[in-house]
Amino acid sequence: MKRLIIRFFLLLFVYLVVAIPFKAMNLIPGFSDVRPVCALASIYGVFYGPLGCVVCAFGNLIADIIDDALRWSSLAGFSANFLGPFMIWYLWKRFGKHPFALRTIPDLLFHTLVIVLGAILEASIITPAVAYAYPEVNAKLFAYSVLGNTSVFPIVFGIPLAIVLQEELGFSPYTEEKLEKKPE
Amino acid sequence: MNRLQANICLICVTMCWSMEIVIYSSIPEGTPAFATTCVTSFAGSLLLLAAFFKRMLAALRKNWRSLVTGSAILALLNAMYNAMFICGVKSFDITSGAFTYCMVVVLLPVVLLSLRRRIGLETLLSVVCVGTGIVLAVGKSLQGEQLPGLALMGGGNLLRAIFIVVLADMAKKHEPLAIAIFLGFFVGIISLVVWLWEDPKLIFGLPMSRTLIASWTIYSYFIVAIAQAFNTIAMSRVTATNATLVYSLEIVFSIIWGTFLPASLITPVDLTPSVLLGAAFIILGNLMEILDIRGKRTEYESTKQEVKR
């Protein structure tokens, strides 16, 4: 348990270090900005499983608080930022032909598809909440910004980062067996 | 990491570099270019150091003299070719200037052949394809008064070719992340000297703002830390020619940004048929190299050959 808590705060720290500087690049002030930190969502999902997904949800919420952009729609953001990476992890686990590895073109295409599905899920959770609570916000633009952030960054930066982490730095993808082997 | 994965990392690096001009545009006016290079190089280097301190120590214990000297030489080469690019590119419009950066693809095989290193037939074909793309895009618009600028760009590209060959060799001998850390550190020192010469007040003479800090942080993360780390790691797995071919995609990314991003961020690209055809040849040359169509090349064949020689 202690190890999990330490890992949670360490992952949260990394998330915030990446997220906070970009809060200056607004797309829809107070609602949407350029978020390269979304690249970490797929990484956290694949390498840290549900714990990584929880970190993404809290990290996004804390970044919103720091940016003074905490709104009712942040609740939808919280759940979407948990479910997006969770979906990436779950789809690999459920439909992947082997444990996570991006060594061939089919693997890369499958991972890209999984990321796009995760992005669609996130956009379809947050957009209705924002559109309902804040009708003055351009919902279409907001949906595109969420879709862009949660698909482009995980594909463009997340995939090479996952390759480097797994192949060169010895990170192994999250599996439930991994937890069982190392009881707390 | 196999060739495909290394090439994906290199594509990501190239995309980061192509975004440099977009990030630069968000840096407040009046900030010297060397200030940005100095601060971001040190910051990126520190980020990598914090993450890979143990690896760097291990690399230093193994052969510190060769690692430090090699990184310093690389930083010096980097500063020299960048200075030549800055002077040379003024003779060209934005699109032609971007294409002249890619001349390194044509010059690198010359450097390799002069070092008596073998280049595969497929790689040579890719080089010819990319070279044709550059000539198609730049050739028509080239005028007599641009020749001195072209000579400077050629000289800069020759130095860059040497830089790439040295980096590829070093990345196969030393810990790639340690090279990235030292390279950033030495580039930071060189820029600090020039910055000090330009403005002795250094950071205290700058209009500090949230935007400047945010832009520098973004630059440090993407252009220095991530791009440099991915680049050296990938370089340890592929040949110098392979890496250079992928770098040539920078022009394709620049065309994409110039077409789709607003004029406030980047100078719009004039999409003439010759530019499009040139870009198509560059993509074709890259696909030939990356996809290994005949499937006859083993993953590290070329790399091993280069190291042996």
# chains A, B, ... in the order shown; residues from 1 in each chain; ligands from 1

call {"tool": "select_by_dssp", "arguments": {"residues": "region 226-295 of chain B", "states": "helix (DSSP H, G or I)", "output": "mmCIF file with all heavy atoms, in the first residue's frame"}}
result
data_model
loop_
_atom_site.group_PDB
_atom_site.id
_atom_site.type_symbol
_atom_site.label_atom_id
_atom_site.label_comp_id
_atom_site.auth_asym_id
_atom_site.auth_seq_id
_atom_site.Cartn_x
_atom_site.Cartn_y
_atom_site.Cartn_z
ATOM 1 N N ILE B 226 13.241 16.177 -24.763
ATOM 2 C CA ILE B 226 12.643 15.020 -25.453
ATOM 3 C C ILE B 226 13.342 14.765 -26.791
ATOM 4 O O ILE B 226 13.779 13.643 -27.077
ATOM 5 C CB ILE B 226 11.124 15.230 -25.651
ATOM 6 C CG1 ILE B 226 10.433 15.198 -24.295
ATOM 7 C CG2 ILE B 226 10.539 14.169 -26.580
ATOM 8 C CD1 ILE B 226 8.937 15.309 -24.337
ATOM 9 N N ALA B 227 13.458 15.816 -27.620
ATOM 10 C CA ALA B 227 14.023 15.622 -28.960
ATOM 11 C C ALA B 227 15.468 15.120 -28.872
ATOM 12 O O ALA B 227 15.842 14.181 -29.567
ATOM 13 C CB ALA B 227 13.947 16.913 -29.753
ATOM 14 N N GLN B 228 16.265 15.744 -27.982
ATOM 15 C CA GLN B 228 17.669 15.349 -27.892
ATOM 16 C C GLN B 228 17.802 13.921 -27.354
ATOM 17 O O GLN B 228 18.617 13.145 -27.860
ATOM 18 C CB GLN B 228 18.403 16.342 -26.965
ATOM 19 C CG GLN B 228 19.879 16.439 -27.205
ATOM 20 C CD GLN B 228 20.216 17.023 -28.562
ATOM 21 O OE1 GLN B 228 20.345 16.289 -29.543
ATOM 22 N NE2 GLN B 228 20.364 18.322 -28.629
ATOM 23 N N ALA B 229 16.980 13.579 -26.354
ATOM 24 C CA ALA B 229 17.057 12.225 -25.781
ATOM 25 C C ALA B 229 16.624 11.184 -26.816
ATOM 26 O O ALA B 229 17.324 10.181 -27.042
ATOM 27 C CB ALA B 229 16.191 12.135 -24.537
ATOM 28 N N PHE B 230 15.487 11.420 -27.467
ATOM 29 C CA PHE B 230 15.007 10.476 -28.484
ATOM 30 C C PHE B 230 16.023 10.356 -29.617
ATOM 31 O O PHE B 230 16.266 9.273 -30.144
ATOM 32 C CB PHE B 230 13.672 10.947 -29.075
ATOM 33 C CG PHE B 230 12.475 10.671 -28.200
ATOM 34 C CD1 PHE B 230 12.625 10.197 -26.910
ATOM 35 C CD2 PHE B 230 11.184 10.883 -28.665
ATOM 36 C CE1 PHE B 230 11.522 9.954 -26.100
ATOM 37 C CE2 PHE B 230 10.078 10.638 -27.874
ATOM 38 C CZ PHE B 230 10.246 10.174 -26.588
ATOM 39 N N ASN B 231 16.609 11.490 -29.984
ATOM 40 C CA ASN B 231 17.538 11.504 -31.112
ATOM 41 C C ASN B 231 18.766 10.646 -30.818
ATOM 42 O O ASN B 231 19.136 9.791 -31.634
ATOM 43 C CB ASN B 231 17.953 12.952 -31.405
ATOM 44 C CG ASN B 231 18.742 13.072 -32.676
ATOM 45 O OD1 ASN B 231 18.506 12.335 -33.642
ATOM 46 N ND2 ASN B 231 19.685 13.971 -32.713
ATOM 47 N N THR B 232 19.354 10.845 -29.662
ATOM 48 C CA THR B 232 20.575 10.079 -29.363
ATOM 49 C C THR B 232 20.245 8.589 -29.168
ATOM 50 O O THR B 232 21.014 7.736 -29.602
ATOM 51 C CB THR B 232 21.302 10.620 -28.114
ATOM 52 O OG1 THR B 232 20.357 10.853 -27.096
ATOM 53 C CG2 THR B 232 22.054 11.892 -28.405
ATOM 54 N N ILE B 233 19.095 8.314 -28.553
ATOM 55 C CA ILE B 233 18.716 6.904 -28.369
ATOM 56 C C ILE B 233 18.507 6.233 -29.732
ATOM 57 O O ILE B 233 19.028 5.150 -30.001
ATOM 58 C CB ILE B 233 17.446 6.779 -27.498
ATOM 59 C CG1 ILE B 233 17.776 7.103 -26.038
ATOM 60 C CG2 ILE B 233 16.863 5.377 -27.581
ATOM 61 C CD1 ILE B 233 16.572 7.181 -25.122
ATOM 62 N N ALA B 234 17.759 6.915 -30.611
ATOM 63 C CA ALA B 234 17.486 6.341 -31.938
ATOM 64 C C ALA B 234 18.778 6.215 -32.750
ATOM 65 O O ALA B 234 18.966 5.237 -33.478
ATOM 66 C CB ALA B 234 16.470 7.205 -32.677
ATOM 67 N N MET B 235 19.669 7.194 -32.586
ATOM 68 C CA MET B 235 20.937 7.178 -33.323
ATOM 69 C C MET B 235 21.793 5.971 -32.962
ATOM 70 O O MET B 235 22.646 5.551 -33.729
ATOM 71 C CB MET B 235 21.735 8.452 -33.026
ATOM 72 C CG MET B 235 21.242 9.651 -33.766
ATOM 73 S SD MET B 235 21.637 9.530 -35.499
ATOM 74 C CE MET B 235 22.451 11.060 -35.739
ATOM 75 N N ALA B 240 23.793 6.796 -39.655
ATOM 76 C CA ALA B 240 23.725 8.254 -39.798
ATOM 77 C C ALA B 240 22.875 8.636 -41.020
ATOM 78 O O ALA B 240 22.092 9.590 -40.975
ATOM 79 C CB ALA B 240 25.135 8.810 -39.936
ATOM 80 N N THR B 241 23.013 7.881 -42.109
ATOM 81 C CA THR B 241 22.259 8.195 -43.328
ATOM 82 C C THR B 241 20.764 8.014 -43.096
ATOM 83 O O THR B 241 19.958 8.840 -43.518
ATOM 84 C CB THR B 241 22.704 7.284 -44.497
ATOM 85 O OG1 THR B 241 24.079 7.018 -44.357
ATOM 86 C CG2 THR B 241 22.419 7.910 -45.827
ATOM 87 N N ASN B 242 20.418 6.931 -42.438
ATOM 88 C CA ASN B 242 19.019 6.671 -42.110
ATOM 89 C C ASN B 242 18.435 7.856 -41.333
ATOM 90 O O ASN B 242 17.361 8.384 -41.669
ATOM 91 C CB ASN B 242 18.934 5.377 -41.294
ATOM 92 C CG ASN B 242 17.508 4.944 -40.972
ATOM 93 O OD1 ASN B 242 17.231 3.782 -40.786
ATOM 94 N ND2 ASN B 242 16.574 5.880 -40.903
ATOM 95 N N ALA B 243 19.167 8.284 -40.305
ATOM 96 C CA ALA B 243 18.682 9.386 -39.468
ATOM 97 C C ALA B 243 18.521 10.660 -40.305
ATOM 98 O O ALA B 243 17.502 11.353 -40.210
ATOM 99 C CB ALA B 243 19.654 9.629 -38.323
ATOM 100 N N THR B 244 19.497 10.927 -41.156
ATOM 101 C CA THR B 244 19.441 12.158 -41.957
ATOM 102 C C THR B 244 18.259 12.147 -42.910
ATOM 103 O O THR B 244 17.623 13.181 -43.146
ATOM 104 C CB THR B 244 20.756 12.309 -42.750
ATOM 105 O OG1 THR B 244 21.827 12.015 -41.872
ATOM 106 C CG2 THR B 244 20.924 13.695 -43.278
ATOM 107 N N LEU B 245 17.984 10.965 -43.466
ATOM 108 C CA LEU B 245 16.832 10.872 -44.375
ATOM 109 C C LEU B 245 15.543 11.224 -43.627
ATOM 110 O O LEU B 245 14.694 11.953 -44.145
ATOM 111 C CB LEU B 245 16.730 9.465 -44.955
ATOM 112 C CG LEU B 245 17.682 9.183 -46.120
ATOM 113 C CD1 LEU B 245 17.797 7.693 -46.371
ATOM 114 C CD2 LEU B 245 17.202 9.878 -47.382
ATOM 115 N N VAL B 246 15.416 10.718 -42.415
ATOM 116 C CA VAL B 246 14.206 11.024 -41.639
ATOM 117 C C VAL B 246 14.171 12.520 -41.287
ATOM 118 O O VAL B 246 13.101 13.143 -41.334
ATOM 119 C CB VAL B 246 14.113 10.141 -40.374
ATOM 120 C CG1 VAL B 246 12.863 10.479 -39.576
ATOM 121 C CG2 VAL B 246 14.095 8.673 -40.751
ATOM 122 N N TYR B 247 15.340 13.101 -40.975
ATOM 123 C CA TYR B 247 15.378 14.536 -40.668
ATOM 124 C C TYR B 247 14.813 15.367 -41.830
ATOM 125 O O TYR B 247 14.279 16.449 -41.612
ATOM 126 C CB TYR B 247 16.809 15.023 -40.416
ATOM 127 C CG TYR B 247 17.497 14.496 -39.191
ATOM 128 C CD1 TYR B 247 18.885 14.532 -39.095
ATOM 129 C CD2 TYR B 247 16.794 13.968 -38.115
ATOM 130 C CE1 TYR B 247 19.549 14.061 -37.984
ATOM 131 C CE2 TYR B 247 17.454 13.488 -37.007
ATOM 132 C CZ TYR B 247 18.823 13.524 -36.938
ATOM 133 O OH TYR B 247 19.483 13.054 -35.834
ATOM 134 N N GLU B 250 11.523 17.208 -42.026
ATOM 135 C CA GLU B 250 11.276 18.496 -41.361
ATOM 136 C C GLU B 250 10.597 19.471 -42.328
ATOM 137 O O GLU B 250 9.699 20.213 -41.942
ATOM 138 C CB GLU B 250 12.599 19.077 -40.862
ATOM 139 C CG GLU B 250 12.410 20.255 -39.938
ATOM 140 C CD GLU B 250 13.678 20.684 -39.217
ATOM 141 O OE1 GLU B 250 14.661 19.936 -39.223
ATOM 142 O OE2 GLU B 250 13.666 21.777 -38.647
ATOM 143 N N ILE B 251 11.028 19.409 -43.576
ATOM 144 C CA ILE B 251 10.448 20.314 -44.574
ATOM 145 C C ILE B 251 8.958 19.999 -44.791
ATOM 146 O O ILE B 251 8.136 20.895 -44.954
ATOM 147 C CB ILE B 251 11.246 20.254 -45.911
ATOM 148 C CG1 ILE B 251 10.665 21.203 -46.952
ATOM 149 C CG2 ILE B 251 11.324 18.869 -46.493
ATOM 150 C CD1 ILE B 251 10.760 22.614 -46.586
ATOM 151 N N VAL B 252 8.631 18.712 -44.760
ATOM 152 C CA VAL B 252 7.224 18.310 -44.952
ATOM 153 C C VAL B 252 6.385 18.820 -43.774
ATOM 154 O O VAL B 252 5.296 19.384 -43.968
ATOM 155 C CB VAL B 252 7.113 16.772 -45.087
ATOM 156 C CG1 VAL B 252 5.668 16.355 -45.281
ATOM 157 C CG2 VAL B 252 7.967 16.288 -46.253
ATOM 158 N N PHE B 253 6.919 18.660 -42.563
ATOM 159 C CA PHE B 253 6.194 19.169 -41.388
ATOM 160 C C PHE B 253 6.060 20.690 -41.467
ATOM 161 O O PHE B 253 4.995 21.234 -41.174
ATOM 162 C CB PHE B 253 6.915 18.780 -40.091
ATOM 163 C CG PHE B 253 6.788 17.322 -39.739
ATOM 164 C CD1 PHE B 253 7.910 16.531 -39.521
ATOM 165 C CD2 PHE B 253 5.539 16.730 -39.619
ATOM 166 C CE1 PHE B 253 7.793 15.189 -39.197
ATOM 167 C CE2 PHE B 253 5.414 15.381 -39.294
ATOM 168 C CZ PHE B 253 6.547 14.613 -39.083
ATOM 169 N N SER B 254 7.148 21.365 -41.895
ATOM 170 C CA SER B 254 7.092 22.831 -41.990
ATOM 171 C C SER B 254 6.008 23.264 -42.975
ATOM 172 O O SER B 254 5.295 24.237 -42.739
ATOM 173 C CB SER B 254 8.441 23.386 -42.444
ATOM 174 O OG SER B 254 9.427 23.016 -41.546
ATOM 175 N N ILE B 255 5.905 22.524 -44.101
ATOM 176 C CA ILE B 255 4.864 22.851 -45.094
ATOM 177 C C ILE B 255 3.473 22.667 -44.462
ATOM 178 O O ILE B 255 2.579 23.494 -44.641
ATOM 179 C CB ILE B 255 5.026 21.979 -46.358
ATOM 180 C CG1 ILE B 255 6.298 22.391 -47.100
ATOM 181 C CG2 ILE B 255 3.805 22.097 -47.274
ATOM 182 C CD1 ILE B 255 6.669 21.485 -48.255
ATOM 183 N N ILE B 256 3.334 21.583 -43.690
ATOM 184 C CA ILE B 256 2.031 21.321 -43.035
ATOM 185 C C ILE B 256 1.700 22.459 -42.065
ATOM 186 O O ILE B 256 0.595 23.011 -42.106
ATOM 187 C CB ILE B 256 2.045 19.954 -42.303
ATOM 188 C CG1 ILE B 256 2.176 18.822 -43.320
ATOM 189 C CG2 ILE B 256 0.773 19.768 -41.471
ATOM 190 C CD1 ILE B 256 2.442 17.446 -42.721
ATOM 191 N N TRP B 257 2.669 22.838 -41.218
ATOM 192 C CA TRP B 257 2.391 23.925 -40.258
ATOM 193 C C TRP B 257 2.095 25.225 -41.017
ATOM 194 O O TRP B 257 1.170 25.955 -40.663
ATOM 195 C CB TRP B 257 3.559 24.181 -39.289
ATOM 196 C CG TRP B 257 4.129 22.986 -38.571
ATOM 197 C CD1 TRP B 257 5.447 22.779 -38.276
ATOM 198 C CD2 TRP B 257 3.440 21.839 -38.059
ATOM 199 N NE1 TRP B 257 5.612 21.582 -37.626
ATOM 200 C CE2 TRP B 257 4.406 20.987 -37.483
ATOM 201 C CE3 TRP B 257 2.111 21.430 -38.050
ATOM 202 C CZ2 TRP B 257 4.087 19.766 -36.898
ATOM 203 C CZ3 TRP B 257 1.786 20.216 -37.461
ATOM 204 C CH2 TRP B 257 2.755 19.418 -36.898
ATOM 205 N N GLY B 258 2.905 25.501 -42.052
ATOM 206 C CA GLY B 258 2.727 26.741 -42.818
ATOM 207 C C GLY B 258 1.388 26.807 -43.517
ATOM 208 O O GLY B 258 0.856 27.885 -43.786
ATOM 209 N N THR B 259 0.825 25.647 -43.829
ATOM 210 C CA THR B 259 -0.465 25.614 -44.519
ATOM 211 C C THR B 259 -1.625 25.715 -43.536
ATOM 212 O O THR B 259 -2.616 26.393 -43.805
ATOM 213 C CB THR B 259 -0.584 24.297 -45.338
ATOM 214 O OG1 THR B 259 0.602 24.161 -46.113
ATOM 215 C CG2 THR B 259 -1.799 24.310 -46.243
ATOM 216 N N PHE B 260 -1.495 25.025 -42.410
ATOM 217 C CA PHE B 260 -2.659 24.916 -41.519
ATOM 218 C C PHE B 260 -2.649 25.849 -40.304
ATOM 219 O O PHE B 260 -3.713 26.163 -39.777
ATOM 220 C CB PHE B 260 -2.834 23.459 -41.041
ATOM 221 C CG PHE B 260 -3.189 22.526 -42.153
ATOM 222 C CD1 PHE B 260 -2.251 21.645 -42.675
ATOM 223 C CD2 PHE B 260 -4.455 22.541 -42.723
ATOM 224 C CE1 PHE B 260 -2.567 20.789 -43.721
ATOM 225 C CE2 PHE B 260 -4.790 21.694 -43.766
ATOM 226 C CZ PHE B 260 -3.838 20.806 -44.270
ATOM 227 N N PRO B 273 3.354 24.045 -57.363
ATOM 228 C CA PRO B 273 3.471 22.636 -57.775
ATOM 229 C C PRO B 273 4.866 22.064 -57.507
ATOM 230 O O PRO B 273 5.008 20.908 -57.110
ATOM 231 C CB PRO B 273 3.169 22.680 -59.275
ATOM 232 C CG PRO B 273 2.343 23.901 -59.450
ATOM 233 C CD PRO B 273 2.807 24.891 -58.440
ATOM 234 N N SER B 274 5.933 22.903 -57.728
ATOM 235 C CA SER B 274 7.287 22.367 -57.527
ATOM 236 C C SER B 274 7.547 22.055 -56.052
ATOM 237 O O SER B 274 8.232 21.081 -55.725
ATOM 238 C CB SER B 274 8.341 23.335 -58.070
ATOM 239 O OG SER B 274 8.208 24.581 -57.453
ATOM 240 N N VAL B 275 6.986 22.885 -55.138
ATOM 241 C CA VAL B 275 7.142 22.617 -53.700
ATOM 242 C C VAL B 275 6.449 21.303 -53.334
ATOM 243 O O VAL B 275 7.003 20.453 -52.627
ATOM 244 C CB VAL B 275 6.587 23.796 -52.858
ATOM 245 C CG1 VAL B 275 6.439 23.404 -51.391
ATOM 246 C CG2 VAL B 275 7.488 25.007 -52.973
ATOM 247 N N LEU B 276 5.240 21.132 -53.864
ATOM 248 C CA LEU B 276 4.485 19.907 -53.563
ATOM 249 C C LEU B 276 5.192 18.671 -54.108
ATOM 250 O O LEU B 276 5.280 17.643 -53.437
ATOM 251 C CB LEU B 276 3.071 20.010 -54.160
ATOM 252 C CG LEU B 276 2.101 20.916 -53.393
ATOM 253 C CD1 LEU B 276 0.794 21.054 -54.138
ATOM 254 C CD2 LEU B 276 1.831 20.349 -51.995
ATOM 255 N N LEU B 277 5.713 18.801 -55.351
ATOM 256 C CA LEU B 277 6.415 17.676 -55.964
ATOM 257 C C LEU B 277 7.695 17.357 -55.173
ATOM 258 O O LEU B 277 8.011 16.184 -54.932
ATOM 259 C CB LEU B 277 6.758 18.031 -57.425
ATOM 260 C CG LEU B 277 7.080 16.857 -58.345
ATOM 261 C CD1 LEU B 277 5.879 15.928 -58.476
ATOM 262 C CD2 LEU B 277 7.497 17.360 -59.722
ATOM 263 N N GLY B 278 8.399 18.421 -54.758
ATOM 264 C CA GLY B 278 9.612 18.237 -53.960
ATOM 265 C C GLY B 278 9.305 17.508 -52.668
ATOM 266 O O GLY B 278 9.998 16.557 -52.296
ATOM 267 N N ALA B 279 8.228 17.940 -51.992
ATOM 268 C CA ALA B 279 7.834 17.297 -50.734
ATOM 269 C C ALA B 279 7.461 15.834 -50.976
ATOM 270 O O ALA B 279 7.808 14.952 -50.166
ATOM 271 C CB ALA B 279 6.673 18.046 -50.103
ATOM 272 N N ALA B 280 6.783 15.562 -52.116
ATOM 273 C CA ALA B 280 6.378 14.183 -52.422
ATOM 274 C C ALA B 280 7.610 13.294 -52.598
ATOM 275 O O ALA B 280 7.649 12.156 -52.114
ATOM 276 C CB ALA B 280 5.520 14.162 -53.680
ATOM 277 N N PHE B 281 8.647 13.813 -53.276
ATOM 278 C CA PHE B 281 9.877 13.042 -53.467
ATOM 279 C C PHE B 281 10.565 12.770 -52.122
ATOM 280 O O PHE B 281 11.104 11.686 -51.904
ATOM 281 C CB PHE B 281 10.839 13.798 -54.394
ATOM 282 C CG PHE B 281 10.712 13.369 -55.838
ATOM 283 C CD1 PHE B 281 9.872 14.047 -56.704
ATOM 284 C CD2 PHE B 281 11.423 12.280 -56.323
ATOM 285 C CE1 PHE B 281 9.733 13.654 -58.026
ATOM 286 C CE2 PHE B 281 11.294 11.879 -57.646
ATOM 287 C CZ PHE B 281 10.447 12.565 -58.502
ATOM 288 N N ILE B 282 10.534 13.766 -51.235
ATOM 289 C CA ILE B 282 11.157 13.586 -49.912
ATOM 290 C C ILE B 282 10.432 12.490 -49.134
ATOM 291 O O ILE B 282 11.059 11.619 -48.525
ATOM 292 C CB ILE B 282 11.177 14.922 -49.135
ATOM 293 C CG1 ILE B 282 12.189 15.874 -49.791
ATOM 294 C CG2 ILE B 282 11.552 14.714 -47.664
ATOM 295 C CD1 ILE B 282 12.197 17.278 -49.248
ATOM 296 N N ILE B 283 9.099 12.512 -49.192
ATOM 297 C CA ILE B 283 8.329 11.475 -48.479
ATOM 298 C C ILE B 283 8.638 10.095 -49.074
ATOM 299 O O ILE B 283 8.847 9.123 -48.346
ATOM 300 C CB ILE B 283 6.811 11.785 -48.534
ATOM 301 C CG1 ILE B 283 6.520 13.063 -47.748
ATOM 302 C CG2 ILE B 283 5.992 10.626 -47.984
ATOM 303 C CD1 ILE B 283 5.099 13.560 -47.866
ATOM 304 N N LEU B 284 8.690 10.030 -50.415
ATOM 305 C CA LEU B 284 8.969 8.756 -51.086
ATOM 306 C C LEU B 284 10.337 8.224 -50.661
ATOM 307 O O LEU B 284 10.482 7.034 -50.331
ATOM 308 C CB LEU B 284 8.911 8.961 -52.608
ATOM 309 C CG LEU B 284 9.118 7.711 -53.453
ATOM 310 C CD1 LEU B 284 7.951 6.751 -53.288
ATOM 311 C CD2 LEU B 284 9.257 8.068 -54.940
ATOM 312 N N GLY B 285 11.345 9.116 -50.653
ATOM 313 C CA GLY B 285 12.692 8.715 -50.243
ATOM 314 C C GLY B 285 12.700 8.167 -48.828
ATOM 315 O O GLY B 285 13.356 7.174 -48.528
ATOM 316 N N ASN B 286 11.928 8.805 -47.946
ATOM 317 C CA ASN B 286 11.844 8.362 -46.553
ATOM 318 C C ASN B 286 11.159 7.009 -46.437
ATOM 319 O O ASN B 286 11.606 6.152 -45.680
ATOM 320 C CB ASN B 286 11.081 9.390 -45.721
ATOM 321 C CG ASN B 286 12.014 10.417 -45.138
ATOM 322 O OD1 ASN B 286 12.627 10.175 -44.123
ATOM 323 N ND2 ASN B 286 12.188 11.533 -45.825
ATOM 324 N N LEU B 287 10.069 6.842 -47.189
ATOM 325 C CA LEU B 287 9.342 5.566 -47.117
ATOM 326 C C LEU B 287 10.241 4.421 -47.571
ATOM 327 O O LEU B 287 10.232 3.337 -46.995
ATOM 328 C CB LEU B 287 8.075 5.630 -47.984
ATOM 329 C CG LEU B 287 6.933 6.474 -47.409
ATOM 330 C CD1 LEU B 287 5.757 6.530 -48.388
ATOM 331 C CD2 LEU B 287 6.462 5.898 -46.077
ATOM 332 N N MET B 288 11.025 4.693 -48.635
ATOM 333 C CA MET B 288 11.939 3.656 -49.133
ATOM 334 C C MET B 288 12.929 3.235 -48.049
ATOM 335 O O MET B 288 13.282 2.069 -47.922
ATOM 336 C CB MET B 288 12.712 4.182 -50.358
ATOM 337 C CG MET B 288 11.898 4.131 -51.637
ATOM 338 S SD MET B 288 12.597 5.192 -52.916
ATOM 339 C CE MET B 288 14.142 4.413 -53.248
ATOM 340 N N GLU B 289 13.367 4.207 -47.255
ATOM 341 C CA GLU B 289 14.371 3.918 -46.224
ATOM 342 C C GLU B 289 13.738 3.265 -44.994
ATOM 343 O O GLU B 289 14.242 2.281 -44.465
ATOM 344 C CB GLU B 289 15.084 5.220 -45.824
ATOM 345 C CG GLU B 289 16.118 5.084 -44.732
ATOM 346 C CD GLU B 289 17.336 4.262 -45.142
ATOM 347 O OE1 GLU B 289 17.539 4.046 -46.346
ATOM 348 O OE2 GLU B 289 18.056 3.812 -44.232
ATOM 349 N N ILE B 290 12.595 3.827 -44.571
ATOM 350 C CA ILE B 290 12.007 3.381 -43.303
ATOM 351 C C ILE B 290 11.344 2.002 -43.423
ATOM 352 O O ILE B 290 11.509 1.142 -42.580
ATOM 353 C CB ILE B 290 10.985 4.422 -42.779
ATOM 354 C CG1 ILE B 290 11.687 5.727 -42.431
ATOM 355 C CG2 ILE B 290 10.237 3.895 -41.560
ATOM 356 C CD1 ILE B 290 10.748 6.882 -42.190
ATOM 357 N N LEU B 291 10.597 1.807 -44.532
ATOM 358 C CA LEU B 291 9.765 0.609 -44.596
ATOM 359 C C LEU B 291 10.519 -0.656 -45.015
ATOM 360 O O LEU B 291 10.000 -1.746 -44.894
ATOM 361 C CB LEU B 291 8.563 0.845 -45.525
ATOM 362 C CG LEU B 291 7.539 1.848 -44.991
ATOM 363 C CD1 LEU B 291 6.392 2.000 -45.960
ATOM 364 C CD2 LEU B 291 6.997 1.431 -43.627
#

call {"tool": "residues_around", "arguments": {"residues": "Ile163 (chain A)", "least_positions_apart": "3", "cutoff": "8 Å", "atoms": "only C-alpha atoms", "output": "JSON list (two decimals) with N, CA, C and O atoms, in the first residue's frame"}}
result
[["chain", "number", "residue", "atom", "x", "y", "z"],
["A", 101, "ALA", "N", 3.15, -4.07, -26.65],
["A", 101, "ALA", "CA", 4.47, -3.87, -27.29],
["A", 101, "ALA", "C", 4.21, -3.22, -28.64],
["A", 101, "ALA", "O", 3.26, -3.57, -29.32],
["A", 102, "LEU", "N", 5.05, -2.25, -28.99],
["A", 102, "LEU", "CA", 4.83, -1.54, -30.25],
["A", 102, "LEU", "C", 5.99, -1.85, -31.20],
["A", 102, "LEU", "O", 6.75, -0.96, -31.57],
["A", 159, "ILE", "N", 3.45, 7.58, -28.33],
["A", 159, "ILE", "CA", 3.95, 6.33, -28.93],
["A", 159, "ILE", "C", 5.48, 6.25, -28.87],
["A", 159, "ILE", "O", 6.02, 5.26, -28.35],
["A", 160, "PRO", "N", 6.21, 7.29, -29.33],
["A", 160, "PRO", "CA", 7.68, 7.18, -29.20],
["A", 160, "PRO", "C", 8.12, 7.07, -27.74],
["A", 160, "PRO", "O", 9.06, 6.34, -27.43],
["A", 166, "GLN", "N", 9.74, 1.34, -22.83],
["A", 166, "GLN", "CA", 9.70, -0.12, -22.79],
["A", 166, "GLN", "C", 11.00, -0.76, -23.31],
["A", 166, "GLN", "O", 11.52, -1.69, -22.70],
["A", 167, "GLU", "N", 11.48, -0.24, -24.42],
["A", 167, "GLU", "CA", 12.61, -0.91, -25.08],
["A", 167, "GLU", "C", 13.97, -0.50, -24.50],
["A", 167, "GLU", "O", 14.89, -1.29, -24.50],
["A", 168, "GLU", "N", 14.07, 0.75, -24.08],
["A", 168, "GLU", "CA", 15.39, 1.24, -23.67],
["A", 168, "GLU", "C", 15.53, 1.43, -22.16],
["A", 168, "GLU", "O", 16.62, 1.32, -21.62],
["B", 1, "MET", "N", 15.15, -1.93, -29.16],
["B", 1, "MET", "CA", 14.47, -1.06, -30.12],
["B", 1, "MET", "C", 14.85, -1.48, -31.55],
["B", 1, "MET", "O", 16.05, -1.56, -31.85],
["B", 5, "GLN", "N", 11.01, 1.17, -34.82],
["B", 5, "GLN", "CA", 10.81, 1.97, -33.61],
["B", 5, "GLN", "C", 11.77, 3.16, -33.55],
["B", 5, "GLN", "O", 11.38, 4.26, -33.18]]

call {"tool": "closest_residue", "arguments": {"among": "A:Arg35, A:Arg103, A:Arg71, A:Arg3", "to": "chain B", "atoms": "only C-alpha atoms"}}
result
A:Arg103

call {"tool": "closest_atom_pairs", "arguments": {"of": "chain B", "to": "chain A", "cutoff": "8 Å", "atoms": "only C-alpha atoms", "output": "CSV"}}
result
residue,atom,partner,partner_atom,distance
B:Met1,CA,A:Glu167,CA,5.4
B:Asn2,CA,A:Arg103,CA,7.2
B:Leu4,CA,A:Arg103,CA,7.5
B:Gln5,CA,A:Arg103,CA,6.6
B:Ile8,CA,A:Pro160,CA,6.3
B:Cys9,CA,A:Pro160,CA,5.2
B:Cys12,CA,A:Val156,CA,6.5
B:Arg210,CA,A:Ala24,CA,7.6
B:Thr211,CA,A:Ala24,CA,6.6
B:Ile213,CA,A:Pro21,CA,7.9
B:Ala214,CA,A:Pro21,CA,5.0
B:Thr217,CA,A:Pro21,CA,6.5
B:Ile218,CA,A:Pro21,CA,7.0
B:Phe230,CA,A:Val164,CA,7.6
